[in-house]
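Raw data.txt, compact mmCIF, C-alpha atoms:
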# COMPACT_ATOMS: atom_id res chain seq x y z
CA MET A 17 -70.64 -107.92 -38.41
CA SER A 18 -66.94 -108.55 -39.06
CA LEU A 19 -66.47 -109.37 -35.34
CA LYS A 20 -69.05 -112.16 -35.60
CA VAL A 21 -67.35 -113.57 -38.70
CA THR A 22 -63.97 -113.46 -36.96
CA ILE A 23 -65.33 -115.29 -33.89
CA VAL A 24 -66.96 -118.00 -36.03
CA LEU A 25 -63.77 -118.37 -38.09
CA LEU A 26 -61.61 -118.70 -34.93
CA ALA A 27 -63.98 -121.30 -33.47
CA PHE A 28 -63.85 -123.26 -36.72
CA VAL A 29 -60.03 -123.17 -36.85
CA GLY A 30 -59.87 -124.22 -33.17
CA ALA A 31 -62.18 -127.17 -33.79
CA ILE A 32 -60.07 -128.35 -36.75
CA ALA A 33 -56.85 -127.98 -34.73
CA ALA A 34 -58.31 -129.95 -31.83
CA GLN A 35 -59.51 -132.72 -34.15
CA HIS A 36 -56.09 -132.88 -35.84
CA TYR A 37 -54.31 -133.04 -32.46
CA TYR A 38 -56.66 -135.77 -31.22
CA GLN A 39 -56.21 -137.88 -34.37
CA GLN A 40 -52.42 -137.51 -34.30
CA GLY A 41 -52.25 -138.85 -30.77
CA HIS A 42 -54.16 -142.01 -31.70
CA GLN A 43 -52.44 -142.59 -35.05
CA GLN A 44 -48.99 -142.63 -33.47
CA GLY A 45 -50.12 -145.08 -30.81
CA HIS A 46 -49.45 -142.56 -28.10
CA HIS A 47 -50.66 -143.95 -24.80
CA GLU A 48 -49.72 -142.67 -21.38
CA GLU A 49 -49.49 -145.16 -18.57
CA GLU A 50 -49.70 -144.06 -15.00
CA HIS A 51 -46.87 -145.30 -12.85
CA TYR A 52 -47.24 -145.56 -9.11
CA ALA A 53 -44.50 -145.89 -6.59
CA PRO A 54 -44.98 -148.46 -3.85
CA ALA A 55 -47.11 -147.01 -1.07
CA HIS A 56 -45.37 -146.78 2.27
CA TYR A 57 -46.44 -144.58 5.18
CA GLU A 58 -47.10 -144.47 8.91
CA TYR A 59 -49.00 -141.98 11.03
CA ALA A 60 -50.49 -141.64 14.48
CA TYR A 61 -52.34 -139.01 16.51
CA ASP A 62 -54.10 -138.67 19.85
CA VAL A 63 -56.65 -136.10 21.04
CA HIS A 64 -57.53 -135.44 24.67
CA ASP A 65 -59.68 -132.34 25.12
CA ASP A 66 -60.65 -131.78 28.76
CA HIS A 67 -63.02 -128.97 27.84
CA THR A 68 -65.26 -131.03 25.54
CA GLY A 69 -64.42 -134.50 26.81
CA ASP A 70 -63.32 -135.56 23.33
CA VAL A 71 -60.81 -138.41 23.57
CA HIS A 72 -59.80 -140.34 20.46
CA GLY A 73 -56.81 -141.37 18.42
CA GLN A 74 -55.60 -143.42 15.50
CA LYS A 75 -52.48 -145.06 14.13
CA GLU A 76 -52.01 -146.66 10.73
CA SER A 77 -49.25 -148.04 8.59
CA ARG A 78 -49.10 -149.23 5.01
CA LYS A 79 -46.53 -151.03 2.95
CA ASP A 80 -47.40 -151.84 -0.67
CA HIS A 81 -50.84 -153.51 -0.61
CA THR A 82 -50.98 -154.19 3.12
CA THR A 83 -52.54 -151.69 5.51
CA GLN A 84 -53.08 -152.12 9.22
CA GLY A 85 -54.17 -149.81 11.95
CA GLU A 86 -56.24 -149.06 14.98
CA TYR A 87 -58.40 -146.24 16.25
CA TYR A 88 -60.10 -145.64 19.56
CA LEU A 89 -62.57 -143.28 21.15
CA ILE A 90 -64.41 -142.82 24.42
CA ASP A 91 -68.15 -143.24 23.95
CA ALA A 92 -70.59 -141.02 25.84
CA ASP A 93 -71.49 -143.94 28.14
CA GLY A 94 -67.88 -144.24 29.37
CA HIS A 95 -66.78 -147.21 27.29
CA LYS A 96 -63.57 -147.22 25.29
CA ARG A 97 -64.20 -148.47 21.78
CA THR A 98 -61.16 -149.75 19.91
CA VAL A 99 -61.28 -150.83 16.27
CA THR A 100 -58.35 -152.83 14.91
CA TYR A 101 -58.31 -153.26 11.13
CA HIS A 102 -56.28 -154.52 8.22
CA VAL A 103 -56.42 -154.74 4.46
CA ASP A 104 -54.24 -157.20 2.58
CA GLY A 105 -54.37 -156.82 -1.19
CA LYS A 106 -57.94 -157.30 -2.35
CA SER A 107 -59.19 -158.76 0.94
CA GLY A 108 -61.20 -155.66 1.73
CA PHE A 109 -61.47 -153.85 5.04
CA ILE A 110 -61.45 -156.37 7.89
CA ALA A 111 -62.12 -154.93 11.34
CA GLN A 112 -62.52 -156.13 14.90
CA VAL A 113 -64.34 -153.94 17.43
CA HIS A 114 -63.71 -154.12 21.17
CA ARG A 115 -65.60 -152.20 23.87
CA GLU A 116 -64.61 -152.04 27.49
CA PRO A 117 -65.86 -149.91 30.38
CA ILE A 118 -63.50 -147.39 31.89
CA LYS A 119 -63.44 -147.62 35.68
CA GLY A 120 -64.28 -144.34 37.38
CA TYR A 121 -65.13 -142.58 34.12
CA GLN A 122 -67.30 -139.52 34.49
CA ALA A 123 -68.60 -137.84 31.39
CA PRO A 124 -67.83 -134.13 31.28
CA GLN A 125 -70.73 -132.05 32.51
CA PRO A 126 -71.89 -129.22 30.31
CA GLN A 127 -71.03 -125.88 31.74
CA VAL A 128 -74.02 -123.68 32.38
CA HIS A 129 -73.49 -119.99 31.84
CA LYS A 130 -76.16 -117.69 33.20
CA VAL A 131 -76.96 -114.77 31.01
CA LEU A 132 -78.66 -111.75 32.49
CA ALA A 133 -81.00 -110.09 30.05
CA VAL A 134 -81.33 -106.36 30.54
CA PRO A 135 -84.19 -104.53 28.85
CA VAL A 136 -83.15 -102.09 26.21
CA GLN A 137 -84.29 -98.53 26.70
CA LYS A 138 -85.27 -96.72 23.59
CA ALA A 139 -84.19 -93.14 23.27
CA TYR A 140 -86.41 -90.80 21.32
CA TYR A 141 -84.84 -87.86 19.61
CA GLN A 142 -86.72 -84.82 18.45
CA HIS A 143 -85.24 -82.47 15.96
Produce structure tokens that represent the structure in this file.
Amino acid sequence: MSLKVTIVLLAFVGAIAAQHYYQQGHQQGHHEEEHYAPAHYEYAYDVHDDHTGDVHGQKESRKDHTTQGEYYLIDADGHKRTVTYHVDGKSGFIAQVHREPIKGYQAPQPQVHKVLAVPVQKAYYQH
């Protein structure tokens, strides 16, 4: 019984302490502002996987509120799709898409692996 009383008393004291802390923060006009440093970055990557035929890449750069970049990939039909984009402030994402056939492109053929199924022989043991 005394354990239950102790738990209730601790919960009550915790609630009062939390309320006091919350009120103190607002009475003193305490307000945290988030400060952000100017955004500035650049990155690029390219993937060329002969096994799967996956070919794609991207590059992007940003300085303050201006972002620009480009990404490309090889579609299954042998066309290279390139998307060039930019964002300037609140303009939103503005993109231009270009598709062009790749001369002599051959899509990778799936490799067929033959699997030989062997029947399992059951062994019977007598004790």
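The space between CA of Lys119 (chain A) and CA of Glu86 (chain A) spans 22.0 Å.
Distance annotation: of A:Ile32, A:Val131, A:Val136, A:Ala123, the residue with the minimal separation from His67 (chain A) is A:Ala123; atom set is all atoms listed in the file.
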Problem - Residues within 12 Å of Ile110 (chain A), only C-alpha atoms, excluding chain neighbours under 3 positions, as a ChimeraX atom specification - result: /A:82-86,99-107,113
Exercise for the section: Within 8 Å of His72 (chain A), counting all atoms listed in the file, which residues show up once you throw out same-chain ones fewer than 2 positions away? Write them as number ranges by chain, please. Expected result: A: 62-64, 70, 74, 87-90
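Our summary of the geometry notes that CA of Gln112 (chain A) is positioned 18.0 Å from CA of Arg78 (chain A).
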Hey, could you pull the box centre and edge lengths for region 47-55 of chain A, axis-aligned, 5 Å padding per side, all listed atoms, to one decimal in Å, as JSON?
{"center_x": -47.6, "center_y": -145.6, "center_z": -12.9, "size_x": 16.2, "size_y": 15.8, "size_z": 33.7}
Exercise for the section: Just the residues within 10 Å of Pro54 (chain A), please, counting only C-alpha atoms, with nothing from its chain fewer than 5 positions along; format it as a list in words. Expected result: Arg78, Lys79, Asp80 and His81 of chain A
Pull C-alpha atoms from the residues just selected and write them as an mmCIF file, keeping the file's coordinate frame.
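Once everything was written out, this is result16.cif:
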data_model
loop_
_atom_site.group_PDB
_atom_site.id
_atom_site.type_symbol
_atom_site.label_atom_id
_atom_site.label_comp_id
_atom_site.auth_asym_id
_atom_site.auth_seq_id
_atom_site.Cartn_x
_atom_site.Cartn_y
_atom_site.Cartn_z
ATOM 1 C CA ARG A 78 -49.100 -149.230 5.010
ATOM 2 C CA LYS A 79 -46.530 -151.030 2.950
ATOM 3 C CA ASP A 80 -47.400 -151.840 -0.670
ATOM 4 C CA HIS A 81 -50.840 -153.510 -0.610
#
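CA of His114 (chain A) is positioned 20.1 Å from CA of Ser77 (chain A).
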